[in-house]
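Coordinates from upload02.txt are shown below (compact mmCIF, C-alpha atoms).
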```
# COMPACT_ATOMS: atom_id res chain seq x y z
CA MET A 1 5.81 52.40 14.75
CA SER A 2 8.65 50.50 16.38
CA ARG A 3 11.41 49.17 14.10
CA PRO A 4 12.71 45.61 14.58
CA GLN A 5 15.82 45.46 16.74
CA PRO A 6 18.94 44.07 14.96
CA LEU A 7 19.69 41.81 17.95
CA ALA A 8 16.23 40.27 17.88
CA LEU A 9 16.51 39.79 14.13
CA MET A 10 19.86 38.00 14.50
CA LEU A 11 18.44 35.79 17.23
CA PHE A 12 15.48 34.92 15.03
CA VAL A 13 17.76 33.96 12.11
CA MET A 14 19.96 31.84 14.39
CA ILE A 15 17.00 29.97 15.85
CA GLY A 16 15.61 29.37 12.38
CA THR A 17 18.92 28.01 11.12
CA LEU A 18 19.26 25.71 14.13
CA ALA A 19 15.70 24.43 13.72
CA ALA A 20 16.28 23.76 10.02
CA ALA A 21 19.54 21.93 10.73
CA SER A 22 17.89 19.87 13.45
CA ALA A 23 15.00 18.94 11.18
CA ALA A 24 17.38 17.99 8.38
CA HIS A 25 19.34 15.82 10.79
CA ALA A 26 16.24 14.18 12.22
CA ALA A 27 14.61 13.20 8.94
CA ASP A 28 17.43 12.40 6.57
CA ARG A 29 16.94 12.49 2.84
CA HIS A 30 17.24 9.13 1.15
CA ALA A 31 16.89 7.99 -2.44
CA LEU A 32 14.12 5.55 -1.51
CA ILE A 33 11.82 8.07 0.15
CA GLY A 34 8.55 8.23 -1.75
CA ARG A 35 9.36 5.07 -3.67
CA GLN A 36 8.20 1.48 -3.39
CA ALA A 37 10.14 -0.34 -0.67
CA PRO A 38 12.31 -3.11 -2.17
CA ASP A 39 10.83 -6.48 -1.34
CA PHE A 40 12.83 -9.11 0.50
CA ALA A 41 12.46 -12.47 2.22
CA LEU A 42 14.76 -13.27 5.15
CA ARG A 43 15.16 -15.96 7.74
CA SER A 44 14.04 -15.02 11.21
CA ALA A 45 15.56 -15.94 14.57
CA ALA A 46 12.26 -17.56 15.55
CA GLY A 47 12.30 -19.87 12.53
CA PRO A 48 9.90 -18.95 9.73
CA ASN A 49 10.96 -16.90 6.75
CA LEU A 50 9.35 -13.48 6.42
CA ARG A 51 8.61 -11.49 3.30
CA LEU A 52 8.03 -7.75 3.39
CA SER A 53 5.31 -7.74 0.72
CA GLU A 54 3.17 -10.02 2.87
CA HIS A 55 2.80 -7.12 5.30
CA ARG A 56 1.20 -4.72 2.84
CA GLY A 57 -1.51 -2.92 4.80
CA ASP A 58 0.68 -2.62 7.90
CA VAL A 59 2.99 0.20 8.85
CA VAL A 60 6.42 -1.46 8.81
CA VAL A 61 9.60 -0.19 10.41
CA LEU A 62 12.88 -1.81 9.46
CA SER A 63 15.63 -1.40 12.00
CA PHE A 64 19.04 -2.35 10.64
CA TRP A 65 21.40 -3.38 13.41
CA SER A 66 24.62 -5.17 14.22
CA SER A 67 25.81 -6.96 17.36
CA ARG A 68 28.84 -4.66 17.41
CA CYS A 69 26.67 -1.54 17.57
CA ASN A 70 25.99 -0.37 21.13
CA THR A 71 23.43 2.27 20.24
CA CYS A 72 21.40 -0.35 18.36
CA ARG A 73 20.58 -2.04 21.66
CA ALA A 74 18.82 1.02 23.06
CA GLN A 75 16.96 1.64 19.83
CA LEU A 76 15.75 -1.96 19.57
CA ALA A 77 14.50 -1.76 23.18
CA GLU A 78 12.62 1.43 22.34
CA LEU A 79 11.13 -0.14 19.22
CA ASP A 80 10.04 -3.14 21.26
CA ARG A 81 8.10 -0.81 23.56
CA LEU A 82 6.47 0.89 20.55
CA TYR A 83 5.69 -2.46 18.97
CA ALA A 84 3.91 -3.63 22.12
CA THR A 85 1.83 -0.44 22.12
CA TYR A 86 0.90 -0.10 18.45
CA ARG A 87 0.88 -3.70 17.26
CA PRO A 88 -2.95 -3.94 17.39
CA ALA A 89 -3.15 -0.88 15.12
CA GLY A 90 -1.23 -2.66 12.34
CA PHE A 91 2.33 -1.75 13.25
CA VAL A 92 5.14 -4.18 12.49
CA VAL A 93 8.85 -3.96 13.29
CA PHE A 94 11.55 -6.03 11.62
CA GLY A 95 14.99 -5.96 13.18
CA ILE A 96 17.42 -6.78 10.38
CA ASN A 97 20.85 -7.95 11.38
CA VAL A 98 23.74 -7.33 9.01
CA ASP A 99 26.48 -9.27 10.85
CA ASP A 100 28.81 -11.57 8.97
CA GLU A 101 28.85 -13.95 11.91
CA PRO A 102 25.37 -15.46 12.42
CA ARG A 103 26.20 -16.86 15.86
CA ALA A 104 26.90 -13.43 17.37
CA ALA A 105 23.69 -12.13 15.81
CA VAL A 106 21.61 -14.98 17.25
CA GLU A 107 23.10 -14.42 20.73
CA PHE A 108 22.45 -10.70 20.50
CA ALA A 109 18.87 -11.29 19.37
CA ARG A 110 18.29 -13.73 22.25
CA ALA A 111 19.73 -11.30 24.77
CA GLN A 112 17.57 -8.53 23.39
CA ALA A 113 14.45 -10.71 23.80
CA ALA A 114 12.51 -8.45 21.46
CA SER A 115 8.92 -9.42 20.77
CA PHE A 116 9.19 -8.42 17.10
CA PRO A 117 10.86 -10.61 14.45
CA MET A 118 14.63 -10.47 14.21
CA LEU A 119 15.78 -11.23 10.68
CA PHE A 120 19.22 -12.16 9.39
CA ASP A 121 20.76 -10.73 6.28
CA PRO A 122 24.23 -12.31 6.18
CA SER A 123 24.59 -11.76 2.43
CA LYS A 124 23.65 -8.07 3.01
CA SER A 125 21.53 -8.08 -0.12
CA THR A 126 18.65 -6.39 1.72
CA ALA A 127 20.96 -3.86 3.37
CA ARG A 128 22.35 -3.02 -0.07
CA SER A 129 18.91 -2.62 -1.60
CA TYR A 130 18.06 -0.12 1.18
CA ASP A 131 21.38 1.66 0.80
CA ILE A 132 22.27 1.28 4.48
CA ASP A 133 25.24 3.47 5.34
CA ASN A 134 24.81 3.86 9.09
CA LEU A 135 23.90 1.73 12.10
CA PRO A 136 21.37 1.85 13.57
CA MET A 137 19.16 2.99 10.75
CA LEU A 138 15.38 3.11 10.66
CA VAL A 139 13.25 2.85 7.54
CA ALA A 140 9.52 3.53 7.84
CA ILE A 141 7.19 2.05 5.23
CA ASP A 142 3.53 3.01 4.99
CA ARG A 143 0.52 0.79 4.47
CA PHE A 144 0.92 1.05 0.67
CA GLY A 145 4.52 -0.17 0.74
CA ILE A 146 6.04 3.27 0.15
CA VAL A 147 9.18 4.35 2.04
CA ARG A 148 8.10 7.43 3.99
CA TRP A 149 11.14 8.34 6.01
CA VAL A 150 14.61 7.19 6.94
CA ARG A 151 16.46 8.02 10.16
CA ARG A 152 20.16 7.75 10.71
CA ASP A 153 19.91 9.63 13.99
CA ASP A 154 20.73 7.47 17.01
CA ARG A 155 20.33 10.13 19.72
CA ARG A 156 18.02 9.35 22.61
CA SER A 157 16.41 12.74 22.10
CA GLY A 158 15.26 11.58 18.67
CA VAL A 159 12.93 8.94 20.12
CA ALA A 160 10.10 11.40 20.71
CA GLU A 161 10.42 12.68 17.15
CA TYR A 162 10.23 9.31 15.43
CA THR A 163 7.52 8.14 17.82
CA ALA A 164 5.41 11.12 16.77
CA ALA A 165 6.20 10.44 13.09
CA LEU A 166 5.22 6.80 13.51
CA ARG A 167 2.00 7.74 15.24
CA ARG A 168 1.11 9.99 12.30
CA LEU A 169 1.85 7.15 9.88
CA ILE A 170 -0.31 4.72 11.84
CA ASP A 171 -3.16 7.26 11.97
CA GLU A 172 -3.22 7.75 8.20
CA MET B 1 -60.76 64.95 19.14
CA ALA B 2 -58.25 62.22 18.59
CA ARG B 3 -59.62 58.70 18.35
CA PRO B 4 -57.89 55.53 19.41
CA ASP B 5 -56.14 53.76 16.48
CA ASN B 6 -58.01 50.52 16.91
CA GLN B 7 -61.35 52.19 16.40
CA THR B 8 -62.83 52.99 12.96
CA HIS B 9 -65.40 55.64 12.26
CA ARG B 10 -68.29 54.37 10.08
CA ARG B 11 -70.73 56.70 8.34
CA PRO B 12 -74.13 55.43 7.19
CA CYS B 13 -74.17 54.87 3.36
CA HIS B 14 -76.96 55.76 0.81
CA PRO B 15 -78.59 52.57 -0.71
CA VAL B 16 -78.20 53.74 -4.35
CA ALA B 17 -74.55 54.54 -3.85
CA ALA B 18 -74.06 51.12 -2.29
CA TRP B 19 -75.76 49.34 -5.24
CA LEU B 20 -73.64 51.36 -7.74
CA ALA B 21 -70.47 50.53 -5.90
CA SER B 22 -71.22 46.81 -5.85
CA TRP B 23 -72.13 46.85 -9.59
CA VAL B 24 -68.79 48.55 -10.48
CA ALA B 25 -66.89 46.15 -8.29
CA SER B 26 -68.45 43.09 -9.92
CA TRP B 27 -67.63 44.42 -13.40
CA LEU B 28 -64.10 45.13 -12.36
CA LEU B 29 -63.73 41.56 -11.05
CA MET B 30 -65.05 40.11 -14.31
CA LEU B 31 -62.74 42.20 -16.47
CA ALA B 32 -59.64 41.76 -14.31
CA PRO B 33 -58.31 38.50 -15.92
CA SER B 34 -58.48 39.85 -19.45
CA PHE B 35 -56.70 43.05 -18.36
CA ALA B 36 -54.07 40.99 -16.67
CA GLN B 37 -53.45 38.96 -19.88
CA GLU B 38 -53.21 42.05 -22.01
CA ALA B 39 -50.99 43.77 -19.53
CA ALA B 40 -48.61 40.80 -19.35
CA PRO B 41 -45.16 42.10 -20.27
CA ALA B 42 -43.15 40.80 -23.21
CA PRO B 43 -40.72 38.08 -22.20
CA ALA B 44 -37.73 39.85 -23.75
CA THR B 45 -38.10 42.92 -21.64
CA THR B 46 -38.72 41.26 -18.33
CA PRO B 47 -35.98 40.15 -16.00
CA PRO B 48 -35.56 36.37 -15.66
CA THR B 49 -37.90 34.98 -13.11
CA VAL B 50 -36.67 32.65 -10.41
CA PRO B 51 -38.62 29.43 -10.42
CA ALA B 52 -40.46 28.78 -7.23
CA GLU B 53 -38.66 26.33 -4.99
CA PRO B 54 -40.46 23.04 -4.54
CA PRO B 55 -40.99 21.75 -1.02
CA ALA B 56 -37.97 20.24 0.74
CA GLY B 57 -39.02 16.60 0.37
CA GLN B 58 -39.64 16.96 -3.35
CA ALA B 59 -36.30 18.72 -3.84
CA GLU B 60 -34.35 15.93 -2.13
CA SER B 61 -36.06 13.20 -4.09
CA ALA B 62 -35.44 15.07 -7.33
CA GLU B 63 -31.75 15.51 -6.44
CA SER B 64 -31.30 11.86 -5.55
CA ALA B 65 -33.06 10.85 -8.77
CA GLU B 66 -30.64 13.05 -10.72
CA SER B 67 -27.49 12.07 -8.81
CA ALA B 68 -28.16 8.30 -8.92
CA PRO B 69 -27.56 7.98 -12.69
CA ASP B 70 -24.54 10.33 -12.35
CA THR B 71 -22.97 8.12 -9.66
CA LYS B 72 -23.70 5.03 -11.70
CA ALA B 73 -22.11 6.53 -14.79
CA LEU B 74 -19.08 7.62 -12.79
CA ASP B 75 -18.75 4.17 -11.26
CA GLU B 76 -18.93 2.60 -14.71
CA GLU B 77 -16.26 4.98 -15.94
CA VAL B 78 -13.99 4.11 -13.02
CA GLN B 79 -14.48 0.40 -13.70
CA LEU B 80 -13.64 0.92 -17.37
CA LEU B 81 -10.51 2.85 -16.43
CA LYS B 82 -9.47 0.09 -14.06
CA LYS B 83 -10.00 -2.52 -16.76
CA ASP B 84 -7.95 -0.43 -19.19
CA ALA B 85 -5.15 -0.15 -16.63
CA VAL B 86 -5.15 -3.92 -16.07
CA ASP B 87 -5.14 -4.59 -19.82
CA LEU B 88 -2.33 -2.12 -20.34
CA ASN B 89 -0.34 -3.66 -17.51
CA ARG B 90 -0.77 -7.11 -19.03
CA GLU B 91 0.31 -5.91 -22.45
CA LEU B 92 3.36 -4.17 -20.98
CA PHE B 93 4.25 -7.29 -19.04
CA MET B 94 4.03 -9.42 -22.18
CA LEU B 95 6.02 -6.88 -24.16
CA GLU B 96 8.69 -6.80 -21.47
CA GLU B 97 8.92 -10.58 -21.46
CA GLU B 98 9.13 -10.73 -25.23
CA LEU B 99 11.90 -8.16 -25.28
CA LEU B 100 13.92 -9.42 -22.32
CA PHE B 101 13.32 -13.11 -22.81
CA PRO B 102 12.73 -13.85 -26.49
CA ALA B 103 11.02 -17.16 -27.17
CA ASN B 104 14.11 -18.53 -28.92
CA THR B 105 16.29 -18.33 -25.83
CA GLN B 106 13.74 -18.35 -23.03
CA VAL B 107 14.03 -20.82 -20.17
CA ALA B 108 11.52 -20.88 -17.33
CA VAL B 109 11.66 -23.03 -14.22
CA PHE B 110 8.52 -23.66 -12.16
CA LEU B 111 8.01 -25.26 -8.78
CA SER B 112 5.03 -27.29 -7.64
CA MET B 113 4.26 -29.35 -4.54
CA ASP B 114 1.98 -32.23 -3.91
CA VAL B 115 0.72 -33.30 -0.48
CA GLY B 116 3.76 -32.05 1.50
CA GLU B 117 3.29 -34.47 4.39
CA PHE B 118 6.96 -35.40 4.54
CA PHE B 119 8.52 -32.13 3.57
CA GLY B 120 8.09 -28.52 4.70
CA LEU B 121 9.64 -26.27 2.05
CA ASP B 122 12.03 -23.57 3.20
CA SER B 123 14.12 -22.59 0.17
CA VAL B 124 15.23 -23.64 -3.28
CA GLN B 125 18.58 -22.87 -4.84
CA LEU B 126 18.93 -23.15 -8.61
CA LYS B 127 22.09 -23.62 -10.64
CA ILE B 128 22.33 -23.80 -14.39
CA ASP B 129 25.64 -25.06 -15.79
CA GLY B 130 27.24 -24.58 -12.36
CA ARG B 131 26.19 -20.95 -12.04
CA GLU B 132 23.71 -19.92 -9.34
CA VAL B 133 20.74 -18.31 -11.03
CA GLY B 134 18.20 -18.27 -8.24
CA ASN B 135 17.77 -18.66 -4.52
CA TYR B 136 14.25 -18.34 -3.25
CA LEU B 137 13.12 -18.32 0.37
CA TYR B 138 9.55 -19.48 0.82
CA THR B 139 7.39 -18.04 3.56
CA GLN B 140 4.74 -20.09 5.29
CA ARG B 141 2.01 -18.51 3.20
CA GLU B 142 3.81 -19.27 -0.06
CA ALA B 143 4.39 -22.88 0.97
CA GLU B 144 0.70 -23.19 1.84
CA ALA B 145 -0.26 -21.74 -1.55
CA LEU B 146 1.94 -24.34 -3.25
CA LEU B 147 0.29 -27.12 -1.29
CA LYS B 148 -3.09 -25.86 -2.44
CA GLY B 149 -2.05 -26.38 -6.05
CA GLY B 150 -0.19 -23.17 -6.80
CA VAL B 151 2.76 -23.15 -9.18
CA HIS B 152 5.58 -20.70 -8.66
CA ARG B 153 7.79 -19.48 -11.48
CA ILE B 154 11.10 -19.53 -9.71
CA TYR B 155 13.31 -18.54 -12.61
CA LEU B 156 13.03 -16.92 -16.01
CA GLY B 157 16.11 -16.38 -18.12
CA ASN B 158 17.88 -16.88 -21.41
CA LEU B 159 19.97 -19.80 -22.58
CA LYS B 160 21.62 -20.47 -25.87
CA VAL B 161 20.80 -23.53 -27.95
CA GLY B 162 22.60 -26.68 -26.80
CA GLU B 163 23.07 -29.01 -23.84
CA HIS B 164 22.67 -27.66 -20.31
CA GLU B 165 22.42 -28.92 -16.75
CA LEU B 166 19.98 -27.74 -14.11
CA VAL B 167 20.64 -28.45 -10.44
CA ALA B 168 18.05 -27.67 -7.77
CA ILE B 169 18.82 -27.86 -4.06
CA PHE B 170 15.81 -28.04 -1.76
CA THR B 171 16.02 -27.25 1.95
CA GLY B 172 13.32 -27.52 4.57
CA LYS B 173 11.93 -29.73 7.29
CA GLY B 174 11.86 -33.43 6.51
CA PRO B 175 10.15 -36.30 8.31
CA ASN B 176 10.16 -35.89 12.11
CA GLU B 177 10.86 -32.15 11.75
CA ARG B 178 14.50 -32.75 10.89
CA GLU B 179 16.54 -30.39 8.75
CA TYR B 180 16.33 -31.77 5.25
CA ARG B 181 18.45 -30.95 2.24
CA ARG B 182 18.17 -32.73 -1.07
CA GLY B 183 19.21 -32.10 -4.63
CA ALA B 184 17.89 -32.98 -8.05
CA SER B 185 19.48 -32.48 -11.43
CA LEU B 186 18.52 -32.72 -15.05
CA ARG B 187 20.48 -32.54 -18.26
CA PHE B 188 18.36 -31.00 -20.94
CA SER B 189 18.70 -29.89 -24.47
CA LYS B 190 17.74 -26.36 -25.37
CA ALA B 191 16.47 -26.08 -28.92
CA VAL B 192 15.01 -23.09 -30.76
CA GLY B 193 11.88 -22.14 -28.83
CA ALA B 194 11.01 -21.63 -25.20
CA LYS B 195 11.98 -24.27 -22.65
CA TYR B 196 9.87 -24.99 -19.59
CA LEU B 197 11.09 -27.09 -16.68
CA GLU B 198 9.19 -28.05 -13.56
CA LEU B 199 10.58 -28.91 -10.14
CA ARG B 200 8.14 -31.25 -8.45
CA ILE B 201 8.07 -32.17 -4.79
CA THR B 202 5.89 -35.16 -4.03
CA ASP B 203 5.46 -37.57 -1.17
CA ARG B 204 6.54 -41.15 -1.54
CA GLN B 205 4.04 -42.79 0.78
CA ARG B 206 5.62 -46.26 0.80
CA ARG B 207 9.01 -45.00 1.93
CA GLY B 208 7.67 -42.16 4.03
CA GLN B 209 10.03 -39.76 2.30
CA PRO B 210 9.63 -36.78 -0.01
CA GLU B 211 10.62 -37.09 -3.64
CA PHE B 212 12.19 -34.39 -5.77
CA GLU B 213 12.18 -34.53 -9.53
CA ILE B 214 12.64 -32.23 -12.48
CA LYS B 215 10.26 -32.58 -15.38
CA ASP B 216 10.90 -31.28 -18.84
CA TRP B 217 7.77 -29.88 -20.48
CA GLU B 218 8.24 -30.94 -24.04
```
Go ahead and render the structure in this file as structure tokens.
Amino acid sequence: MSRPQPLALMLFVMIGTLAAASAAHAADRHALIGRQAPDFALRSAAGPNLRLSEHRGDVVVLSFWSSRCNTCRAQLAELDRLYATYRPAGFVVFGINVDDEPRAAVEFARAQAASFPMLFDPSKSTARSYDIDNLPMLVAIDRFGIVRWVRRDDRRSGVAEYTAALRRLIDE
Amino acid sequence: MARPDNQTHRRPCHPVAAWLASWVASWLLMLAPSFAQEAAPAPATTPPTVPAEPPAGQAESAESAESAPDTKALDEEVQLLKKDAVDLNRELFMLEEELLFPANTQVAVFLSMDVGEFFGLDSVQLKIDGREVGNYLYTQREAEALLKGGVHRIYLGNLKVGEHELVAIFTGKGPNEREYRRGASLRFSKAVGAKYLELRITDRQRRGQPEFEIKDWE
């Protein structure tokens, strides 16, 4: 019987550690995970006010963004693509702006031309209730209104991961 | 000499022997049931017998006949549990209200709308004694529910006995889809016991304008 080689064992441990670290980075822990998503009503760039609880039964993704955040632009564009694909399956995206200056936020939202609602949270009450500590930040809420995962990762490589996670959530 | 297996060798039989054989056979047939009864083993010593399976159709109908009352009973149990949960929730809600907002200090403000031809509600800001106590954004669905006769409790809080002032600021779309912002105020006296106030938005047809008033439910 052949004994395991120490080099192979070390390699295995290293790969395992890297995979664990990557997974931990991709799906960050958050106090709200597994809990009821705090309800909110915010004004939208398009006009009407929107309330989260009125979208119970849909998979909702909240994307917190700011006009000063460059990586937010790419993420919002990616979310727009996902929204166009999965909207008929009950998928909703809310882009929530946390700028102090509403004019900059409106200009940014117009330039982005996203098909999903862009909401404004100038008082940051919603951002506080979701404990937002990074931009961009994604919060995924299932059809029962429970926060399922939170992502603080803004890498392009993370798109495939959260797309797969969203697809699983939509399929549930 | 070996014979083929499918062939039988018959030997001619004597008539007396044949008659005797048939007589013994008939007697044996007659006595067989009584022997069988006597020879029936005691139930204690025999292994348990497996009941013969009924035909498939009968088995299914019997199963469905048995499972139907079970399902019904289970459904009734689930309904009872649901009712209990709703009752418990209501009791907890009332208990919470009694504890957090005792009747002696309780103040509740409601909002109602009538017609809504001249005003599209967007939000209501509430101030009591100069302090902001509520700011509610109405969605399209909520505004529609109000127009259908719904009443929204916009604020529930505590106030001490004495004179107070309530100010409500309404924003929305006025006539000709213009931004519209109006205020209404009421000085009211809080006595011992709960106080209920109602913000009413109505249409003044003659002037073609909305009207905002605060009503004190005595």
Mind checking which residues fall within 10 Å of Arg178 (chain B), counting only C-alpha atoms, ignoring those fewer than 4 positions away in the same chain, and posting them as a list in words?
-> Phe119, Gly120, Gly172, Lys173 and Gly174 of chain B
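Counting all atoms listed in the file, every residue of chain B that comes within 8 Å of chain A is listed here: Asp122, Leu137, Tyr138, Thr139 and Gln140 of chain B.
Interatomic distance, CA of Ala74 (chain A) to CA of Val98 (chain A): 17.1 Å.
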What are the centre and edge lengths in Å, to one decimal, of the axis-aligned box around all listed atoms of region 109-128 of chain B with 3 Å added on each side, as AutoDock Vina command-line options?
```
--center_x 11.5 --center_y -29.0 --center_z -4.8 --size_x 27.6 --size_y 18.8 --size_z 25.1
```
Within 10 Å of (8.1, -32.1, 1.1) (file coordinates; all atoms listed in the file), which protein or nucleic acid residues are there? I'd like them as an mmCIF file with C-alpha atoms, in the coordinates of the input.
```cif
data_model
loop_
_atom_site.group_PDB
_atom_site.id
_atom_site.type_symbol
_atom_site.label_atom_id
_atom_site.label_comp_id
_atom_site.auth_asym_id
_atom_site.auth_seq_id
_atom_site.Cartn_x
_atom_site.Cartn_y
_atom_site.Cartn_z
ATOM 1 C CA MET B 113 4.260 -29.350 -4.540
ATOM 2 C CA ASP B 114 1.980 -32.230 -3.910
ATOM 3 C CA VAL B 115 0.720 -33.300 -0.480
ATOM 4 C CA GLY B 116 3.760 -32.050 1.500
ATOM 5 C CA GLU B 117 3.290 -34.470 4.390
ATOM 6 C CA PHE B 118 6.960 -35.400 4.540
ATOM 7 C CA PHE B 119 8.520 -32.130 3.570
ATOM 8 C CA GLY B 120 8.090 -28.520 4.700
ATOM 9 C CA LEU B 121 9.640 -26.270 2.050
ATOM 10 C CA ASP B 122 12.030 -23.570 3.200
ATOM 11 C CA ALA B 143 4.390 -22.880 0.970
ATOM 12 C CA LEU B 147 0.290 -27.120 -1.290
ATOM 13 C CA PHE B 170 15.810 -28.040 -1.760
ATOM 14 C CA THR B 171 16.020 -27.250 1.950
ATOM 15 C CA GLY B 172 13.320 -27.520 4.570
ATOM 16 C CA LYS B 173 11.930 -29.730 7.290
ATOM 17 C CA GLY B 174 11.860 -33.430 6.510
ATOM 18 C CA PRO B 175 10.150 -36.300 8.310
ATOM 19 C CA TYR B 180 16.330 -31.770 5.250
ATOM 20 C CA ARG B 200 8.140 -31.250 -8.450
ATOM 21 C CA ILE B 201 8.070 -32.170 -4.790
ATOM 22 C CA THR B 202 5.890 -35.160 -4.030
ATOM 23 C CA ASP B 203 5.460 -37.570 -1.170
ATOM 24 C CA ARG B 204 6.540 -41.150 -1.540
ATOM 25 C CA GLN B 209 10.030 -39.760 2.300
ATOM 26 C CA PRO B 210 9.630 -36.780 -0.010
ATOM 27 C CA GLU B 211 10.620 -37.090 -3.640
ATOM 28 C CA PHE B 212 12.190 -34.390 -5.770
#
```
Pick out the residues sitting within 6 Å of region 139-156 of chain A, and hand them over as a PyMOL selection string; count all atoms listed in the file, and ignore anything fewer than 5 positions along from it in its own chain.
-> chain A and resi 27-28+33-37+56-62
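Here CA of Phe64 (chain A) is placed at a distance of 20.3 Å from CA of Arg167 (chain A).
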Residue among A:Ala105, A:Cys69, A:Ala164, A:Val92 lying closest to Leu119 (chain A), counting all atoms listed in the file = A:Ala105
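Counting from CA of Gly208 (chain B), the distance to CA of Ser44 (chain A) is 28.8 Å.
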Residues at most 8 Å from Ser185 (chain B), counting all atoms listed in the file, excluding those fewer than 4 positions away in the same chain, as an MDAnalysis selection string?
-> chainID B and resid 165:168 213:214
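The list of residues with at least one atom within 9 Å of Ile154 (chain B), based on all atoms listed in the file and without residues fewer than 4 positions apart in the same chain, reads Ala108, Val109, Phe110, Leu111, Val124, Leu126, Gly134, Asn135 and Tyr136 of chain B.
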Residue nearest Ala31 (chain A) - candidates A:Asp131, A:Asp121, A:Asp80, A:Glu107, atoms counted: all atoms listed in the file = A:Asp131
For Ala114 (chain A), which residue among A:Leu76, A:Leu169, A:Ala45, A:Ala160 is the nearest when counting all atoms listed in the file?
-> A:Leu76
